[in-house]
file final_17.cif (mmCIF, C-alpha atoms)
data_target
loop_
_atom_site.label_atom_id
_atom_site.label_comp_id
_atom_site.auth_asym_id
_atom_site.auth_seq_id
_atom_site.Cartn_x
_atom_site.Cartn_y
_atom_site.Cartn_z
CA MET A 1 0.00 0.00 0.00
CA GLU A 2 1.36 3.41 -0.97
CA ASN A 3 2.07 6.11 1.59
CA PHE A 4 -1.42 7.51 2.17
CA LEU A 5 -2.11 9.29 5.45
CA ILE A 6 -5.86 8.63 5.21
CA LEU A 7 -5.42 4.90 4.58
CA SER A 8 -2.90 4.73 7.43
CA LEU A 9 -5.46 6.45 9.67
CA ILE A 10 -8.09 3.84 8.77
CA GLU A 11 -5.61 1.01 9.29
CA LYS A 12 -4.69 2.25 12.78
CA GLN A 13 -8.35 2.50 13.83
CA TYR A 14 -9.44 -0.73 12.13
CA SER A 15 -9.41 -3.03 15.16
CA ASP A 16 -11.56 -0.59 17.15
CA LEU A 17 -14.19 -0.19 14.42
CA THR A 18 -17.63 -1.82 14.50
CA PRO A 19 -18.20 -4.77 12.11
CA LYS A 20 -20.11 -2.49 9.68
CA TYR A 21 -17.36 0.11 9.73
CA GLN A 22 -14.75 -2.63 9.21
CA ARG A 23 -16.57 -3.77 6.05
CA ILE A 24 -16.44 -0.19 4.74
CA ALA A 25 -12.78 0.18 5.73
CA THR A 26 -11.84 -3.13 4.06
CA TYR A 27 -13.45 -2.12 0.79
CA ILE A 28 -11.83 1.34 0.84
CA MET A 29 -8.33 0.01 1.54
CA GLY A 30 -8.61 -2.52 -1.28
CA ASN A 31 -10.19 -0.20 -3.85
CA TYR A 32 -9.15 3.32 -2.86
CA LYS A 33 -8.13 4.40 -6.39
CA TYR A 34 -11.68 3.90 -7.64
CA LEU A 35 -13.34 5.62 -4.69
CA PRO A 36 -13.50 9.13 -6.24
CA LEU A 37 -15.83 7.65 -8.90
CA LEU A 38 -18.30 6.23 -6.37
CA SER A 39 -21.26 7.83 -4.65
CA SER A 40 -21.84 7.09 -0.97
CA ALA A 41 -24.82 4.92 -2.00
CA LYS A 42 -22.69 2.86 -4.40
CA LEU A 43 -19.93 2.40 -1.81
CA ALA A 44 -22.58 1.28 0.67
CA GLU A 45 -23.89 -1.27 -1.82
CA LEU A 46 -20.41 -2.62 -2.55
CA ALA A 47 -19.50 -2.82 1.14
CA GLY A 48 -22.84 -4.36 2.10
CA VAL A 49 -23.95 -1.60 4.47
CA SER A 50 -26.39 1.33 4.45
CA ASP A 51 -25.74 4.74 2.91
CA ALA A 52 -26.05 6.30 6.37
CA SER A 53 -23.33 3.94 7.69
CA VAL A 54 -20.89 5.21 5.05
CA ILE A 55 -21.50 8.82 6.02
CA ARG A 56 -21.21 8.04 9.75
CA PHE A 57 -18.00 6.09 9.09
CA CYS A 58 -16.42 9.12 7.40
CA GLN A 59 -17.46 11.33 10.32
CA HIS A 60 -16.18 8.74 12.80
CA ILE A 61 -12.66 8.84 11.35
CA GLY A 62 -12.54 12.64 11.38
CA PHE A 63 -14.18 14.02 8.22
CA LYS A 64 -17.24 16.21 7.74
CA GLY A 65 -18.88 13.57 5.59
CA PHE A 66 -18.34 11.36 2.55
CA LEU A 67 -17.70 14.24 0.13
CA ASP A 68 -15.03 15.75 2.40
CA PHE A 69 -13.42 12.30 2.79
CA LYS A 70 -13.47 11.74 -0.99
CA LYS A 71 -11.93 15.14 -1.78
CA LYS A 72 -9.03 14.65 0.62
CA LEU A 73 -8.41 11.09 -0.55
CA LEU A 74 -8.34 12.28 -4.17
CA LEU A 75 -5.69 14.86 -3.31
CA GLU A 76 -3.56 12.14 -1.71
CA ILE A 77 -4.02 9.83 -4.71
CA ASN A 78 -2.85 12.58 -7.06
CA ASP A 79 0.14 13.35 -4.85
CA ASN A 80 1.22 9.69 -4.94
CA ASP A 81 0.21 8.86 -8.51
CA ASN A 82 2.05 9.24 -11.82
CA GLY A 83 -1.14 9.97 -13.75
CA TYR A 84 -2.13 12.99 -15.79
CA VAL A 85 -2.70 15.30 -12.84
CA ASP A 86 0.74 14.48 -11.47
CA LYS A 87 2.32 15.17 -14.88
CA ILE A 88 0.45 18.46 -15.16
CA THR A 89 1.58 19.47 -11.68
CA ARG A 90 5.22 18.70 -12.52
CA ALA A 91 4.94 20.72 -15.72
CA ILE A 92 3.51 23.67 -13.79
CA ARG A 93 6.46 23.60 -11.40
CA GLN A 94 8.84 24.15 -14.33
CA PHE A 95 7.74 27.78 -14.70
CA ASP A 96 10.50 30.09 -13.51
CA GLU A 97 10.14 32.80 -10.89
CA ASN A 98 9.25 35.45 -13.46
CA ASP A 99 6.28 33.39 -14.64
CA LYS A 100 4.99 32.30 -11.24
CA GLU A 101 1.57 33.89 -11.88
CA TYR A 102 1.01 31.41 -14.72
CA ALA A 103 1.95 28.54 -12.44
CA GLN A 104 -0.45 29.75 -9.75
CA MET A 105 -3.29 30.21 -12.24
CA LEU A 106 -2.80 26.75 -13.75
CA GLN A 107 -2.48 25.15 -10.32
CA ALA A 108 -5.84 26.66 -9.39
CA GLU A 109 -7.29 25.08 -12.54
CA VAL A 110 -5.89 21.68 -11.52
CA VAL A 111 -7.56 22.08 -8.12
CA ASN A 112 -10.87 22.93 -9.85
CA LEU A 113 -10.58 19.77 -11.94
CA GLN A 114 -9.80 17.68 -8.85
CA SER A 115 -12.75 19.16 -6.99
CA THR A 116 -15.06 18.45 -9.93
CA LEU A 117 -14.00 14.81 -9.95
CA ALA A 118 -14.43 14.51 -6.18
CA ALA A 119 -17.95 15.98 -6.34
CA LEU A 120 -19.03 13.88 -9.32
CA ASP A 121 -21.82 11.46 -8.40
CA ILE A 122 -21.95 8.67 -10.99
CA GLN A 123 -25.44 7.59 -9.99
CA THR A 124 -26.73 11.12 -10.53
CA LEU A 125 -25.18 11.10 -14.01
CA LYS A 126 -26.81 7.75 -14.79
CA ASN A 127 -30.22 8.91 -13.59
CA ALA A 128 -29.97 12.25 -15.39
CA ALA A 129 -28.98 10.57 -18.67
CA ALA A 130 -31.89 8.11 -18.37
CA VAL A 131 -34.33 11.01 -17.94
CA LEU A 132 -32.84 12.80 -20.95
CA ILE A 133 -33.30 9.72 -23.14
CA LYS A 134 -37.01 9.48 -22.24
CA ALA A 135 -37.70 13.20 -22.81
CA ARG A 136 -39.97 14.38 -25.63
CA LYS A 137 -37.75 17.41 -26.09
CA LEU A 138 -34.67 18.85 -24.40
CA PHE A 139 -34.46 22.52 -23.43
CA LEU A 140 -31.19 24.20 -22.43
CA ILE A 141 -31.35 27.36 -20.33
CA GLY A 142 -28.11 29.15 -19.47
CA PHE A 143 -27.67 31.38 -16.43
CA GLY A 144 -24.19 32.57 -15.51
CA SER A 145 -22.36 30.42 -18.05
CA GLN A 146 -21.94 31.02 -21.76
CA ILE A 147 -20.00 27.78 -22.30
CA ILE A 148 -22.05 24.75 -21.25
CA THR A 149 -25.35 25.46 -22.99
CA PRO A 150 -23.86 25.90 -26.52
CA LEU A 151 -21.61 22.87 -25.95
CA LEU A 152 -24.53 20.63 -24.97
CA ASP A 153 -26.66 22.06 -27.78
CA PHE A 154 -23.96 21.24 -30.35
CA HIS A 155 -23.48 17.62 -29.24
CA PHE A 156 -27.14 16.75 -28.66
CA ASN A 157 -28.17 18.22 -32.02
CA ARG A 158 -25.42 16.30 -33.79
CA GLY A 159 -26.78 13.10 -32.27
CA GLY A 160 -30.29 13.84 -33.50
CA VAL A 161 -31.86 14.94 -30.19
CA ASP A 162 -34.73 17.44 -30.46
CA CYS A 163 -33.05 20.25 -28.56
CA GLU A 164 -33.68 23.98 -28.09
CA ILE A 165 -31.37 26.47 -26.44
CA ILE A 166 -32.73 29.47 -24.50
CA THR A 167 -30.24 32.16 -23.53
CA ASN A 168 -32.35 35.33 -23.38
CA SER A 169 -33.92 36.77 -20.25
CA GLY A 170 -37.03 38.76 -19.42
CA VAL A 171 -40.24 38.46 -21.46
CA TYR A 172 -38.57 36.43 -24.23
CA LEU A 173 -37.47 33.82 -21.68
CA TYR A 174 -40.94 33.47 -20.18
CA GLU A 175 -42.53 33.13 -23.63
CA LYS A 176 -40.13 30.31 -24.42
CA ILE A 177 -40.67 28.33 -21.23
CA LEU A 178 -44.43 28.29 -21.82
CA LYS A 179 -43.71 25.74 -24.59
CA ILE A 180 -42.20 23.28 -22.11
CA THR A 181 -44.40 20.34 -21.05
CA GLU A 182 -44.21 17.71 -18.33
CA ASN A 183 -42.78 15.28 -20.91
CA ASP A 184 -39.76 17.51 -21.52
CA THR A 185 -36.45 17.75 -19.68
CA VAL A 186 -34.67 21.01 -18.96
CA ILE A 187 -30.93 21.42 -18.36
CA LEU A 188 -30.05 24.65 -16.58
CA THR A 189 -26.73 26.23 -15.70
CA ASN A 190 -26.51 28.42 -12.62
CA PHE A 191 -23.13 30.01 -11.87
CA PRO A 192 -22.25 33.45 -10.47
CA ARG A 193 -23.62 35.95 -11.03
CA TYR A 194 -26.88 34.23 -10.19
CA SER A 195 -29.89 35.35 -12.19
CA VAL A 196 -33.17 36.29 -10.49
CA ASP A 197 -35.01 34.83 -13.51
CA ILE A 198 -34.00 31.27 -12.65
CA ILE A 199 -36.21 31.19 -9.55
CA SER A 200 -39.33 32.07 -11.58
CA VAL A 201 -38.34 29.56 -14.25
CA LEU A 202 -37.87 26.74 -11.75
CA LYS A 203 -41.16 27.49 -10.00
CA HIS A 204 -42.93 27.17 -13.35
CA LEU A 205 -41.08 23.95 -14.27
CA LYS A 206 -41.90 22.44 -10.89
CA LYS A 207 -45.55 23.37 -11.34
CA ILE A 208 -45.81 21.60 -14.73
CA LYS A 209 -43.68 18.66 -13.42
CA ALA A 210 -40.96 18.91 -16.08
CA LYS A 211 -37.70 17.16 -15.11
CA THR A 212 -34.78 19.46 -14.35
CA ILE A 213 -30.99 18.96 -14.36
CA ILE A 214 -28.74 21.75 -13.11
CA PHE A 215 -25.02 22.44 -13.50
CA THR A 216 -23.92 24.70 -10.66
CA ASP A 217 -21.09 25.53 -8.28
CA ASP A 218 -23.32 25.25 -5.21
CA ALA A 219 -25.44 22.16 -4.56
CA GLU A 220 -26.79 23.45 -1.26
CA ASN A 221 -28.44 26.74 -2.24
CA SER A 222 -32.21 27.10 -2.55
CA ILE A 223 -32.07 27.20 -6.35
CA SER A 224 -30.25 23.88 -6.69
CA ARG A 225 -32.60 22.18 -4.24
CA MET A 226 -35.51 22.98 -6.56
CA CYS A 227 -33.99 20.73 -9.27
CA ASP A 228 -34.29 16.96 -9.72
CA TYR A 229 -30.61 16.31 -10.51
CA ILE A 230 -27.65 18.43 -9.40
CA ILE A 231 -24.18 18.29 -11.03
CA THR A 232 -21.63 20.46 -9.25
CA SER A 233 -18.26 21.90 -10.22
CA PRO A 234 -16.27 24.93 -9.00
CA CYS A 235 -15.86 27.90 -11.33
CA TYR A 236 -13.65 30.24 -9.29
CA ASN A 237 -10.02 30.93 -10.05
CA PRO A 238 -8.53 33.80 -7.99
CA LEU A 239 -6.06 34.62 -10.77
CA LEU A 240 -8.72 35.06 -13.46
CA PRO A 241 -11.04 38.08 -13.89
CA PHE A 242 -13.68 35.72 -15.28
CA GLN A 243 -15.09 32.29 -14.43
CA SER A 244 -13.01 29.17 -14.81
CA ASN A 245 -14.69 26.73 -17.19
CA ILE A 246 -12.48 23.68 -16.75
CA GLY A 247 -14.71 22.18 -14.05
CA PRO A 248 -18.10 22.91 -15.63
CA VAL A 249 -16.98 21.68 -19.06
CA SER A 250 -15.55 18.48 -17.54
CA ALA A 251 -18.84 17.85 -15.70
CA CYS A 252 -20.71 18.52 -18.95
CA ASN A 253 -18.50 15.97 -20.77
CA ALA A 254 -19.24 13.42 -18.05
CA LEU A 255 -22.99 13.74 -18.64
CA LEU A 256 -22.52 13.47 -22.41
CA PHE A 257 -20.34 10.38 -21.91
CA GLU A 258 -23.06 8.71 -19.84
CA TYR A 259 -25.68 9.62 -22.46
CA PHE A 260 -23.50 8.00 -25.17
CA LYS A 261 -23.25 4.85 -23.05
CA GLN A 262 -27.00 4.56 -22.48
CA SER A 263 -28.16 5.51 -26.00
CA PRO A 264 -26.62 3.38 -28.79
CA GLY A 265 -28.90 5.06 -31.34
CA PHE A 266 -27.63 8.50 -30.37
CA SER A 267 -24.03 7.28 -30.55
CA ALA A 268 -24.54 5.74 -34.00
CA GLU A 269 -26.16 8.91 -35.40
CA TYR A 270 -23.45 11.08 -33.86
CA ILE A 271 -20.67 8.99 -35.42
CA ARG A 272 -22.48 8.83 -38.78
CA LYS A 273 -22.86 12.61 -38.96
CA HIS A 274 -19.32 13.17 -37.71
CA THR A 275 -17.98 10.86 -40.43
CA GLU A 276 -20.11 12.52 -43.10
CA LEU A 277 -18.87 15.99 -42.10
CA GLY A 278 -15.29 14.76 -42.37
CA ARG A 279 -15.28 15.21 -46.16
CA PHE A 280 -15.53 18.99 -45.69
CA TYR A 281 -12.31 19.19 -43.67
CA LEU A 282 -8.71 19.29 -44.84
CA LYS A 283 -6.85 16.00 -44.77
CA LYS A 284 -3.55 15.70 -42.94
#
call {"tool": "encode", "arguments": {"input": "final_17.cif", "output": "structure tokens"}}
result
Amino acid sequence: MENFLILSLIEKQYSDLTPKYQRIATYIMGNYKYLPLLSSAKLAELAGVSDASVIRFCQHIGFKGFLDFKKKLLLEINDNDNGYVDKITRAIRQFDENDKEYAQMLQAEVVNLQSTLAALDIQTLKNAAAVLIKARKLFLIGFGSQIITPLLDFHFNRGGVDCEIITNSGVYLYEKILKITENDTVILTNFPRYSVDIISVLKHLKKIKAKTIIFTDDAENSISRMCDYIITSPCYNPLLPFQSNIGPVSACNALLFEYFKQSPGFSAEYIRKHTELGRFYLKK
């Protein structure tokens, strides 16, 4: 076992743990590299305990909860690993003293990417993708992010999904959302600065029982709690005068990846169109 402080902590406490906690600890110590990809519910299933037991276990060994435990374990994995994050970190360290601002900015982006991975709930992605596949039509509404909505619109349209993007506010926005029905699914983005329009939109969507998926930097605020599925990623970089998009775009790619997995028809149409468009591009 590599030199992980968290795993060493679990190992030292192992003999004093309850049988349920020992089952959780055993699974973690044997599969720690895959843990950042698991939700607390999935870990509970694999360890043969309840979801609540996983959360209490994390608190018992000194963490705020499962998410806090997962974030700190991910940082240790990256510090001990020779994977992409480790290579990126080494490359960043090669900047000389005169370029230290670049190193600090890029390091903050690496942290954002790590935090996105730690917060990613695979079961939420699976459930959200399943809802998208069943939807009559997909609506994309962007608040506080000009990146995710066009990206999703591009990929879903290429795969043949009936998709409409809504980026305006005010009266135009409200006219558009009146077309949404309970058989539709809406993907929203909500990053700083938060729009006052989103509250009215979500109240209407909840009233008509349309399914909602939100990309946001804050899963705990009142806006996020109004949605059916929440996908979180940080967007703050202290060295940038604008939002960081590395986390939100990575989270967006994760949802698209899950949609590809669950929808062979979508994947086939996407590849067909991509291949057909290839004849318009220059050859190497």
call {"tool": "resolve_selection", "arguments": {"input": "final_17.cif", "expression": "the PyMOL selection byres ((chain A and resi 171-176) around 12)", "output": "number ranges by chain"}}
result
A: 139-143, 164-170, 177-181, 197-205
call {"tool": "residues_around", "arguments": {"input": "final_17.cif", "residues": "A:Phe57", "least_positions_apart": "3", "cutoff": "12 Å", "atoms": "all atoms listed in the file", "output": "PyMOL selection string"}}
result
chain A and resi 10+13-14+17-25+28+40+43-44+49-54+60-66+69
call {"tool": "axis_aligned_box", "arguments": {"input": "final_17.cif", "around": "stretch 132-139 of chain A", "padding_each_side": "5 Å", "output": "lines of an AutoDock Vina configuration file"}}
result
center_x = -36.4
center_y = 16.0
center_z = -23.5
size_x = 17.1
size_y = 23.0
size_z = 15.1
call {"tool": "atom_distance", "arguments": {"input": "final_17.cif", "atom1": "atom CA of A:Ser250", "atom2": "atom CA of A:Leu67"}}
result
18.3 Å
call {"tool": "residues_around", "arguments": {"input": "final_17.cif", "residues": "stretch 182-186 of chain A", "least_positions_apart": "2", "cutoff": "8 Å", "atoms": "only C-alpha atoms", "output": "number ranges by chain"}}
result
A: 131-132, 135-141, 180, 188, 208-213
call {"tool": "atom_distance", "arguments": {"input": "final_17.cif", "atom1": "atom CA of A:Phe257", "atom2": "atom CA of A:Asp218"}}
result
22.6 Å
call {"tool": "residues_around", "arguments": {"input": "final_17.cif", "residues": "stretch 228-234 of chain A", "least_positions_apart": "4", "cutoff": "6 Å", "atoms": "all atoms listed in the file", "output": "list in words"}}
result
Asn112, Thr116, Thr212, Ile213, Ile214, Phe215, Thr216, Asp217, Gly247 and Pro248 of chain A
call {"tool": "resolve_selection", "arguments": {"input": "final_17.cif", "expression": "the PyMOL selection byres ((chain A and resi 267) around 12)", "output": "list of chain:residue names"}}
result
A:His155, A:Phe156, A:Asn157, A:Arg158, A:Gly159, A:Gly160, A:Val161, A:Leu256, A:Phe257, A:Glu258, A:Tyr259, A:Phe260, A:Lys261, A:Gln262, A:Ser263, A:Pro264, A:Gly265, A:Phe266, A:Ala268, A:Glu269, A:Tyr270, A:Ile271, A:Arg272, A:Lys273, A:His274
call {"tool": "atom_distance", "arguments": {"input": "final_17.cif", "atom1": "atom CA of A:Ala118", "atom2": "atom CA of A:Thr26"}}
result
20.6 Å
call {"tool": "residues_around", "arguments": {"input": "final_17.cif", "residues": "A:Leu74", "least_positions_apart": "5", "cutoff": "9 Å", "atoms": "all atoms listed in the file", "output": "PyMOL selection string"}}
result
chain A and resi 33+35-36+69+79+114-115+117-118
call {"tool": "residues_near_point", "arguments": {"input": "final_17.cif", "point": "(-8.4, 36.5, -14.3)", "cutoff": "12 Å", "atoms": "all atoms listed in the file", "output": "list in words"}}
result
Glu101, Tyr102, Gln104, Met105, Leu106, Ala108, Glu109, Cys235, Tyr236, Asn237, Pro238, Leu239, Leu240, Pro241, Phe242, Gln243, Ser244 and Asn245 of chain A
call {"tool": "decode", "arguments": {"input": "final_17.cif", "residues": "stretch 112-231 of chain A", "atoms": "C-alpha atoms", "output": "PDB file, in the first residue's frame"}}
result
ATOM      1  CA  ASN A 112     -10.866  22.932  -9.849  1.00  0.00           C
ATOM      2  CA  LEU A 113     -10.580  19.775 -11.938  1.00  0.00           C
ATOM      3  CA  GLN A 114      -9.800  17.678  -8.854  1.00  0.00           C
ATOM      4  CA  SER A 115     -12.752  19.164  -6.991  1.00  0.00           C
ATOM      5  CA  THR A 116     -15.058  18.452  -9.925  1.00  0.00           C
ATOM      6  CA  LEU A 117     -14.001  14.811  -9.946  1.00  0.00           C
ATOM      7  CA  ALA A 118     -14.431  14.514  -6.185  1.00  0.00           C
ATOM      8  CA  ALA A 119     -17.946  15.984  -6.343  1.00  0.00           C
ATOM      9  CA  LEU A 120     -19.033  13.882  -9.322  1.00  0.00           C
ATOM     10  CA  ASP A 121     -21.815  11.465  -8.400  1.00  0.00           C
ATOM     11  CA  ILE A 122     -21.947   8.672 -10.989  1.00  0.00           C
ATOM     12  CA  GLN A 123     -25.443   7.587  -9.988  1.00  0.00           C
ATOM     13  CA  THR A 124     -26.727  11.118 -10.526  1.00  0.00           C
ATOM     14  CA  LEU A 125     -25.180  11.104 -14.012  1.00  0.00           C
ATOM     15  CA  LYS A 126     -26.810   7.751 -14.792  1.00  0.00           C
ATOM     16  CA  ASN A 127     -30.219   8.905 -13.588  1.00  0.00           C
ATOM     17  CA  ALA A 128     -29.974  12.248 -15.391  1.00  0.00           C
ATOM     18  CA  ALA A 129     -28.976  10.568 -18.672  1.00  0.00           C
ATOM     19  CA  ALA A 130     -31.886   8.110 -18.372  1.00  0.00           C
ATOM     20  CA  VAL A 131     -34.329  11.010 -17.942  1.00  0.00           C
ATOM     21  CA  LEU A 132     -32.841  12.796 -20.952  1.00  0.00           C
ATOM     22  CA  ILE A 133     -33.304   9.719 -23.141  1.00  0.00           C
ATOM     23  CA  LYS A 134     -37.007   9.483 -22.235  1.00  0.00           C
ATOM     24  CA  ALA A 135     -37.704  13.198 -22.809  1.00  0.00           C
ATOM     25  CA  ARG A 136     -39.972  14.377 -25.627  1.00  0.00           C
ATOM     26  CA  LYS A 137     -37.748  17.409 -26.089  1.00  0.00           C
ATOM     27  CA  LEU A 138     -34.665  18.853 -24.401  1.00  0.00           C
ATOM     28  CA  PHE A 139     -34.461  22.520 -23.428  1.00  0.00           C
ATOM     29  CA  LEU A 140     -31.194  24.205 -22.430  1.00  0.00           C
ATOM     30  CA  ILE A 141     -31.348  27.364 -20.334  1.00  0.00           C
ATOM     31  CA  GLY A 142     -28.114  29.151 -19.474  1.00  0.00           C
ATOM     32  CA  PHE A 143     -27.667  31.377 -16.428  1.00  0.00           C
ATOM     33  CA  GLY A 144     -24.185  32.571 -15.509  1.00  0.00           C
ATOM     34  CA  SER A 145     -22.361  30.416 -18.048  1.00  0.00           C
ATOM     35  CA  GLN A 146     -21.939  31.020 -21.756  1.00  0.00           C
ATOM     36  CA  ILE A 147     -19.998  27.784 -22.298  1.00  0.00           C
ATOM     37  CA  ILE A 148     -22.047  24.751 -21.253  1.00  0.00           C
ATOM     38  CA  THR A 149     -25.352  25.458 -22.989  1.00  0.00           C
ATOM     39  CA  PRO A 150     -23.859  25.903 -26.521  1.00  0.00           C
ATOM     40  CA  LEU A 151     -21.612  22.873 -25.947  1.00  0.00           C
ATOM     41  CA  LEU A 152     -24.526  20.628 -24.969  1.00  0.00           C
ATOM     42  CA  ASP A 153     -26.659  22.057 -27.779  1.00  0.00           C
ATOM     43  CA  PHE A 154     -23.963  21.237 -30.352  1.00  0.00           C
ATOM     44  CA  HIS A 155     -23.482  17.621 -29.242  1.00  0.00           C
ATOM     45  CA  PHE A 156     -27.142  16.753 -28.655  1.00  0.00           C
ATOM     46  CA  ASN A 157     -28.166  18.216 -32.023  1.00  0.00           C
ATOM     47  CA  ARG A 158     -25.418  16.297 -33.795  1.00  0.00           C
ATOM     48  CA  GLY A 159     -26.776  13.095 -32.266  1.00  0.00           C
ATOM     49  CA  GLY A 160     -30.294  13.841 -33.501  1.00  0.00           C
ATOM     50  CA  VAL A 161     -31.863  14.945 -30.195  1.00  0.00           C
ATOM     51  CA  ASP A 162     -34.730  17.443 -30.461  1.00  0.00           C
ATOM     52  CA  CYS A 163     -33.053  20.246 -28.563  1.00  0.00           C
ATOM     53  CA  GLU A 164     -33.684  23.977 -28.091  1.00  0.00           C
ATOM     54  CA  ILE A 165     -31.374  26.469 -26.444  1.00  0.00           C
ATOM     55  CA  ILE A 166     -32.732  29.471 -24.504  1.00  0.00           C
ATOM     56  CA  THR A 167     -30.235  32.162 -23.534  1.00  0.00           C
ATOM     57  CA  ASN A 168     -32.355  35.327 -23.384  1.00  0.00           C
ATOM     58  CA  SER A 169     -33.915  36.772 -20.246  1.00  0.00           C
ATOM     59  CA  GLY A 170     -37.033  38.763 -19.420  1.00  0.00           C
ATOM     60  CA  VAL A 171     -40.239  38.459 -21.464  1.00  0.00           C
ATOM     61  CA  TYR A 172     -38.570  36.428 -24.235  1.00  0.00           C
ATOM     62  CA  LEU A 173     -37.465  33.823 -21.676  1.00  0.00           C
ATOM     63  CA  TYR A 174     -40.943  33.468 -20.184  1.00  0.00           C
ATOM     64  CA  GLU A 175     -42.532  33.133 -23.633  1.00  0.00           C
ATOM     65  CA  LYS A 176     -40.125  30.315 -24.417  1.00  0.00           C
ATOM     66  CA  ILE A 177     -40.667  28.331 -21.225  1.00  0.00           C
ATOM     67  CA  LEU A 178     -44.435  28.286 -21.819  1.00  0.00           C
ATOM     68  CA  LYS A 179     -43.706  25.740 -24.593  1.00  0.00           C
ATOM     69  CA  ILE A 180     -42.199  23.280 -22.106  1.00  0.00           C
ATOM     70  CA  THR A 181     -44.397  20.345 -21.046  1.00  0.00           C
ATOM     71  CA  GLU A 182     -44.212  17.710 -18.332  1.00  0.00           C
ATOM     72  CA  ASN A 183     -42.782  15.283 -20.907  1.00  0.00           C
ATOM     73  CA  ASP A 184     -39.758  17.511 -21.517  1.00  0.00           C
ATOM     74  CA  THR A 185     -36.452  17.747 -19.679  1.00  0.00           C
ATOM     75  CA  VAL A 186     -34.666  21.013 -18.965  1.00  0.00           C
ATOM     76  CA  ILE A 187     -30.929  21.421 -18.361  1.00  0.00           C
ATOM     77  CA  LEU A 188     -30.051  24.655 -16.579  1.00  0.00           C
ATOM     78  CA  THR A 189     -26.726  26.230 -15.701  1.00  0.00           C
ATOM     79  CA  ASN A 190     -26.505  28.424 -12.624  1.00  0.00           C
ATOM     80  CA  PHE A 191     -23.134  30.007 -11.870  1.00  0.00           C
ATOM     81  CA  PRO A 192     -22.254  33.452 -10.465  1.00  0.00           C
ATOM     82  CA  ARG A 193     -23.615  35.952 -11.030  1.00  0.00           C
ATOM     83  CA  TYR A 194     -26.877  34.229 -10.194  1.00  0.00           C
ATOM     84  CA  SER A 195     -29.894  35.349 -12.187  1.00  0.00           C
ATOM     85  CA  VAL A 196     -33.171  36.294 -10.493  1.00  0.00           C
ATOM     86  CA  ASP A 197     -35.007  34.830 -13.513  1.00  0.00           C
ATOM     87  CA  ILE A 198     -33.997  31.274 -12.647  1.00  0.00           C
ATOM     88  CA  ILE A 199     -36.214  31.193  -9.553  1.00  0.00           C
ATOM     89  CA  SER A 200     -39.328  32.073 -11.579  1.00  0.00           C
ATOM     90  CA  VAL A 201     -38.338  29.560 -14.253  1.00  0.00           C
ATOM     91  CA  LEU A 202     -37.874  26.736 -11.752  1.00  0.00           C
ATOM     92  CA  LYS A 203     -41.165  27.491  -9.997  1.00  0.00           C
ATOM     93  CA  HIS A 204     -42.933  27.174 -13.353  1.00  0.00           C
ATOM     94  CA  LEU A 205     -41.078  23.954 -14.269  1.00  0.00           C
ATOM     95  CA  LYS A 206     -41.903  22.438 -10.895  1.00  0.00           C
ATOM     96  CA  LYS A 207     -45.551  23.367 -11.339  1.00  0.00           C
ATOM     97  CA  ILE A 208     -45.806  21.604 -14.729  1.00  0.00           C
ATOM     98  CA  LYS A 209     -43.681  18.658 -13.424  1.00  0.00           C
ATOM     99  CA  ALA A 210     -40.961  18.908 -16.079  1.00  0.00           C
ATOM    100  CA  LYS A 211     -37.703  17.159 -15.109  1.00  0.00           C
ATOM    101  CA  THR A 212     -34.776  19.465 -14.353  1.00  0.00           C
ATOM    102  CA  ILE A 213     -30.995  18.963 -14.360  1.00  0.00           C
ATOM    103  CA  ILE A 214     -28.740  21.752 -13.112  1.00  0.00           C
ATOM    104  CA  PHE A 215     -25.018  22.437 -13.504  1.00  0.00           C
ATOM    105  CA  THR A 216     -23.924  24.696 -10.656  1.00  0.00           C
ATOM    106  CA  ASP A 217     -21.087  25.532  -8.284  1.00  0.00           C
ATOM    107  CA  ASP A 218     -23.321  25.245  -5.206  1.00  0.00           C
ATOM    108  CA  ALA A 219     -25.438  22.156  -4.562  1.00  0.00           C
ATOM    109  CA  GLU A 220     -26.786  23.455  -1.262  1.00  0.00           C
ATOM    110  CA  ASN A 221     -28.436  26.741  -2.240  1.00  0.00           C
ATOM    111  CA  SER A 222     -32.212  27.095  -2.547  1.00  0.00           C
ATOM    112  CA  ILE A 223     -32.071  27.205  -6.355  1.00  0.00           C
ATOM    113  CA  SER A 224     -30.245  23.882  -6.686  1.00  0.00           C
ATOM    114  CA  ARG A 225     -32.604  22.182  -4.236  1.00  0.00           C
ATOM    115  CA  MET A 226     -35.511  22.982  -6.557  1.00  0.00           C
ATOM    116  CA  CYS A 227     -33.995  20.728  -9.270  1.00  0.00           C
ATOM    117  CA  ASP A 228     -34.287  16.962  -9.720  1.00  0.00           C
ATOM    118  CA  TYR A 229     -30.615  16.313 -10.511  1.00  0.00           C
ATOM    119  CA  ILE A 230     -27.647  18.426  -9.401  1.00  0.00           C
ATOM    120  CA  ILE A 231     -24.182  18.289 -11.029  1.00  0.00           C
TER     121      ILE A 231
END
